[in-house]
Structures are given as C-alpha cells and as structure tokens.
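Presented below is the structure to which this report refers.
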Amino acid sequence: MSVIRIILLPVILQASLMLGGCASPNANPKDPLEGFNRGVYKFNDVLDKAIMTPVAKGYKAAVPDRGQKMIHNFFSNIDDIFVTVNDVLQLKFSQAASDFTRVWVNTIFGVFGLFNVADKLEKHNEDFGQTLGYWGVGSGPYLYLPFLGPSSVRDVADLGVLNYYGVIETYPDIATRNTVYGTELIDQRAQLLDAEKIIEGTVVDRYSYIRDAYLMRRQSLVYDGSPPRVKYDDDE
C-alpha cells in the first residue's frame with residue numbers, strides 16, 4: 001500500500017504546486033487544493049463502491065469474527081513497532097517503554113501479534129507525521145490521495161519512512177508482500193464499515209465532513225488530545 005503512495009507522491013506534489021497558484025481566494029484555507037481534492041475524492045468514491053466496499057463486506061461475511069480480530073491484531077502489532085520509534089523521536093520515553101513491551105510480548109507470546117496478550121497495556125497512535133508536528137512542522141495543505149484518501153503534505157512524509165524501513169514494505173518476496181498489502185487494505189476498509197453507517201443519510205457534504213474530521217483528529221493526535229485553543233478576534 002505504501003508503494004502506491006510513493007509512486008503517486010511526485011504527481012500529487014506537482015499537482016499541488018500547479019493548483020496552488022490558481023486556487024480561489026474564497027477557498028477554505030485548510031484546503032487550498034479543494035478542486036483537485038474533490039476530483040480525487042469522486043474517483044476514490046466510485047472505486048470504493050465498485051470494488052472495496054463489496055470486498056470488505058464479503059470479507060466480514062466469510063471470515064469469522066475471531067479470525068478478523070487475529071488479522072487486525074497482526075497488523076496492529078507491526079504498527080506498534082513504528083509507534084515505539086516515534087515515541088522515542090518525540091522524547092516520550094515512558095510511553096516508548098510501554099509500547100516496546102507490547103511489541104515483544106505480543107510477538108513472542110501472542111504468535112507474531114495474532115493474539116493481543118498485552119491488552120492491559122494501552123495501545124497508542126504515533127507516526128512520523130505526528131513526530132514532525134511535535135517538532136513544530138505545520139501540516140501544510142490538505143490532500144486527498146488517489147486510492148488512499150485523506151492526508152496532508154506533512155503526513156505524506158510518513159510514507160517515505162515506511163517505504164524504506166517498513167516491515168512489510170521491505171519484505172523481499174514480492175508475491176507475499178502484495179498479499180499482505182491486500183489483506184491489510186481489506187482489514188482497514190472492513191473496520192470502517194460500521195462507522196460509515198453513522199454518517200450515511202445525515203451528512204450533506206461528505207467530502208467536507210471527512211476533511212474536517214481528518215484534520216481535527218490529526219491536530220488532536222499531534223497534541224495528545226489537548227490541541228491549543230483557537231483564538232478569535234472577540235476573545236478578551
């Protein structure tokens with residue numbers, strides 16, 4: 001999956017530069033490339049309805065709940081490796097110790113993470129995009145990536161790191177690597193099916209809802225749930 005993002009990255013950045021100069025003065029300041037992003041969103045939506053949603057529903061119907069949980073645990077355990085690395089880069093050493101413990105306990109006693117035997121330890125969410133935000137790097141323009149959905153210029157940097165150092169991304173056997181990619185993508189899509197029902201029929205502009213929810217969540221993650229308060233002109 002990250003390979004796709006890396007291939008698309010030069011195209012996305014070039015489009016960002018080209019479209020940035022012709023953005024509407026009334027555009028949302030968080031989304032200066034809105035015209036481009038909405039086009040990608042429509043493309044993704046068609047692709048999702050035609051392929052990913054049916055596949056994800058079929059996966060949930062065919063694979064027992066316990067099997068789905070084991071698959072999700074496996075990918076979560078791999079994610080914890082990079083969570084730990086980014087803990088250290090953000091100087092969160094106590095959290096790094098906890099997350100590292102999750103990794104080795106689940107890898108050894110949980111059969112490579114299939115079983116979350118370290119469930120008493122809190123699961124954290126850290127990535128290189130958050131690390132850059134921790135050190136003061138702004139998010140940059142909002143981007144809606146082909147095939148992969150909401151992101152930002154800052155968060156795209158995380159893809160380069162994964163491409164060079166990711167456990168799955170650097171696995172030498174291409175057929176196995178692609179199979180794992182596909183399984184991870186289906187697992188991620190299946191996780192969103194229930195949440196999707198909440199906004200169906202209640203959201204007028206789904207694109208704006210997804211954008212605002214994404215940016216708000218990323219801001220919250222960078223500041224560990226306590227983002228700085230937005231100041232307005234009428235504040236004392």
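Going by the structure tokens order, chains are called A, B, ..., each with residues numbered from 1, while ligands are numbered from 1 in the order shown.
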
Fewer than 5 positions away in the same chain doesn't count, so skip those; otherwise give me all residues within 10 Å of Asp79 (chain A), counting only C-alpha atoms, as a JSON list (two decimals) with N, CA and C atoms, in the first residue's frame.
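Okay, this is what ended up in selection35.json:
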[["chain", "number", "residue", "atom", "x", "y", "z"],
["A", 73, "ASN", "N", -5.11, -7.77, 14.79],
["A", 73, "ASN", "CA", -4.06, -7.75, 15.81],
["A", 73, "ASN", "C", -2.67, -7.86, 15.20],
["A", 74, "PHE", "N", -2.55, -8.68, 14.15],
["A", 74, "PHE", "CA", -1.25, -8.86, 13.49],
["A", 74, "PHE", "C", -0.73, -7.54, 12.94],
["A", 84, "THR", "N", 6.54, 2.83, 18.64],
["A", 84, "THR", "CA", 7.63, 2.89, 19.60],
["A", 84, "THR", "C", 8.75, 3.79, 19.12],
["A", 103, "VAL", "N", 5.02, -4.80, 21.96],
["A", 103, "VAL", "CA", 5.53, -5.46, 20.75],
["A", 103, "VAL", "C", 6.15, -6.81, 21.08],
["A", 124, "HIS", "N", -1.20, 2.94, 21.74],
["A", 124, "HIS", "CA", -1.02, 4.34, 21.37],
["A", 124, "HIS", "C", -1.00, 4.52, 19.86],
["A", 125, "ASN", "N", -1.09, 5.75, 19.42],
["A", 125, "ASN", "CA", -1.11, 6.08, 18.00],
["A", 125, "ASN", "C", -0.07, 7.17, 17.74],
["A", 126, "GLU", "N", 1.05, 6.77, 17.18],
["A", 126, "GLU", "CA", 2.11, 7.72, 16.82],
["A", 126, "GLU", "C", 2.66, 7.34, 15.46],
["A", 127, "ASP", "N", 2.96, 8.34, 14.63],
["A", 127, "ASP", "CA", 3.59, 8.09, 13.34],
["A", 127, "ASP", "C", 4.53, 9.25, 13.03],
["A", 166, "GLY", "N", 9.77, 0.07, 6.54],
["A", 166, "GLY", "CA", 8.62, -0.71, 6.96],
["A", 166, "GLY", "C", 8.88, -2.21, 6.93],
["A", 167, "VAL", "N", 8.30, -2.92, 7.88],
["A", 167, "VAL", "CA", 8.47, -4.37, 7.96],
["A", 167, "VAL", "C", 7.88, -5.05, 6.71]]

Subject >> Exercise: Thr53 (chain A) partners within 9 Å, only C-alpha atoms, chain neighbours under 6 positions left out, as a PyMOL selection string >> reply: chain A and resi 47+186+189-190+193

Please dump the current selection as a PDB file, in the first residue's frame; keep N, CA and C atoms.
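Dumped to result37.pdb:
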ATOM      1  N   LEU A  47     -14.506   4.052  -7.113  1.00  0.00           N
ATOM      2  CA  LEU A  47     -13.694   2.842  -6.974  1.00  0.00           C
ATOM      3  C   LEU A  47     -14.074   2.063  -5.716  1.00  0.00           C
ATOM      4  N   ILE A 186      -7.870  -4.563   2.995  1.00  0.00           N
ATOM      5  CA  ILE A 186      -9.224  -5.079   3.223  1.00  0.00           C
ATOM      6  C   ILE A 186      -9.592  -4.974   4.697  1.00  0.00           C
ATOM      7  N   ARG A 189     -10.432  -1.382   5.458  1.00  0.00           N
ATOM      8  CA  ARG A 189     -11.728  -0.990   4.897  1.00  0.00           C
ATOM      9  C   ARG A 189     -12.874  -1.614   5.687  1.00  0.00           C
ATOM     10  N   ALA A 190     -12.696  -2.855   6.107  1.00  0.00           N
ATOM     11  CA  ALA A 190     -13.736  -3.527   6.889  1.00  0.00           C
ATOM     12  C   ALA A 190     -13.955  -2.836   8.229  1.00  0.00           C
ATOM     13  N   LEU A 193     -16.609   0.018   7.972  1.00  0.00           N
ATOM     14  CA  LEU A 193     -17.977  -0.231   7.523  1.00  0.00           C
ATOM     15  C   LEU A 193     -19.020   0.221   8.546  1.00  0.00           C
TER      16      LEU A 193
END

Could you build a table of the residues in region 26-127 of chain A lying no more than 12 Å from region 140-153 of chain A, giving for each the nearest pair of atoms and their separation in Å rounded to one decimal place, using only C-alpha atoms, ordered by chain and ascending residue number, as CSV?
residue,atom,partner,partner_atom,distance
A:Ala27,CA,A:Pro141,CA,11.8
A:Asn28,CA,A:Tyr142,CA,10.1
A:Pro29,CA,A:Pro141,CA,8.3
A:Lys30,CA,A:Pro141,CA,6.2
A:Asp31,CA,A:Tyr142,CA,5.1
A:Pro32,CA,A:Pro141,CA,6.5
A:Leu33,CA,A:Pro141,CA,7.3
A:Glu34,CA,A:Tyr142,CA,8.3
A:Gly35,CA,A:Tyr144,CA,10.5
A:Phe36,CA,A:Tyr144,CA,8.3
A:Asn37,CA,A:Tyr144,CA,5.1
A:Arg38,CA,A:Tyr144,CA,7.7
A:Gly39,CA,A:Tyr144,CA,9.0
A:Val40,CA,A:Pro146,CA,5.8
A:Tyr41,CA,A:Tyr144,CA,6.5
A:Lys42,CA,A:Pro146,CA,9.8
A:Phe43,CA,A:Pro146,CA,7.6
A:Asn44,CA,A:Phe147,CA,5.7
A:Asp45,CA,A:Phe147,CA,9.1
A:Val46,CA,A:Phe147,CA,10.4
A:Leu47,CA,A:Phe147,CA,7.9
A:Asp48,CA,A:Phe147,CA,8.4
A:Ile51,CA,A:Phe147,CA,11.3
A:Met52,CA,A:Phe147,CA,10.0

Original post:
Using only C-alpha atoms, which of the listed residues (A:Val204, A:Ala62, A:Asn163, A:Gln68) sits closest to Gln188 (chain A)?
Top reply: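 Ranked by minimum distance to Gln188 (chain A), first place goes to A:Gln68.
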
**OP:** May I have the residues within 12 Å of Trp104 (chain A) as a list in words, using only C-alpha atoms and disregarding those fewer than 6 positions away in the same chain?
**Re:**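 So the residues in contact are Asn77, Ile78, Asp80, Ile81, Thr84, Ala97, Ser98, Gly110, Val111, Phe112, Gly113, Asn116, Val117 and Ala118 of chain A.
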
**OP:** List every residue of region 26-184 of chain A that DSSP, applied to the backbone, labels as strand (DSSP E), and write the result as a count of residues only.
**Re:** 8

Original post:
Which of region 27-95 of chain A counts as alpha helix (DSSP H) under DSSP, as a PyMOL selection string please?
Top reply: chain A and resi 34-47+53-62+65-89+93-95

Original post:
Between A:His72, A:Thr131, A:Arg217, A:Gly225, which is the closest to Lys92 (chain A) once you count only C-alpha atoms?
Top reply: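 Under the stated criterion, the closest residue is A:Thr131.
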
**OP:** Could you check which of A:Gly129, A:Pro172, A:Pro228, A:Gly136 is closest to Arg154 (chain A), using only C-alpha atoms?
**Re:**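 Smallest separation from Arg154 (chain A) among the options: A:Gly129.
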
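If only C-alpha atoms are the atoms counted, then among A:Ile168, A:Leu89, A:Val63, A:Leu159 the closest residue to Leu132 (chain A) is A:Leu89.
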
Original post:
Any idea what the distance is between CA of Asp212 (chain A) and CA of Leu162 (chain A)?
Top reply: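 Spanning CA of Asp212 (chain A) to CA of Leu162 (chain A) is a straight-line distance of 25.5 Å.
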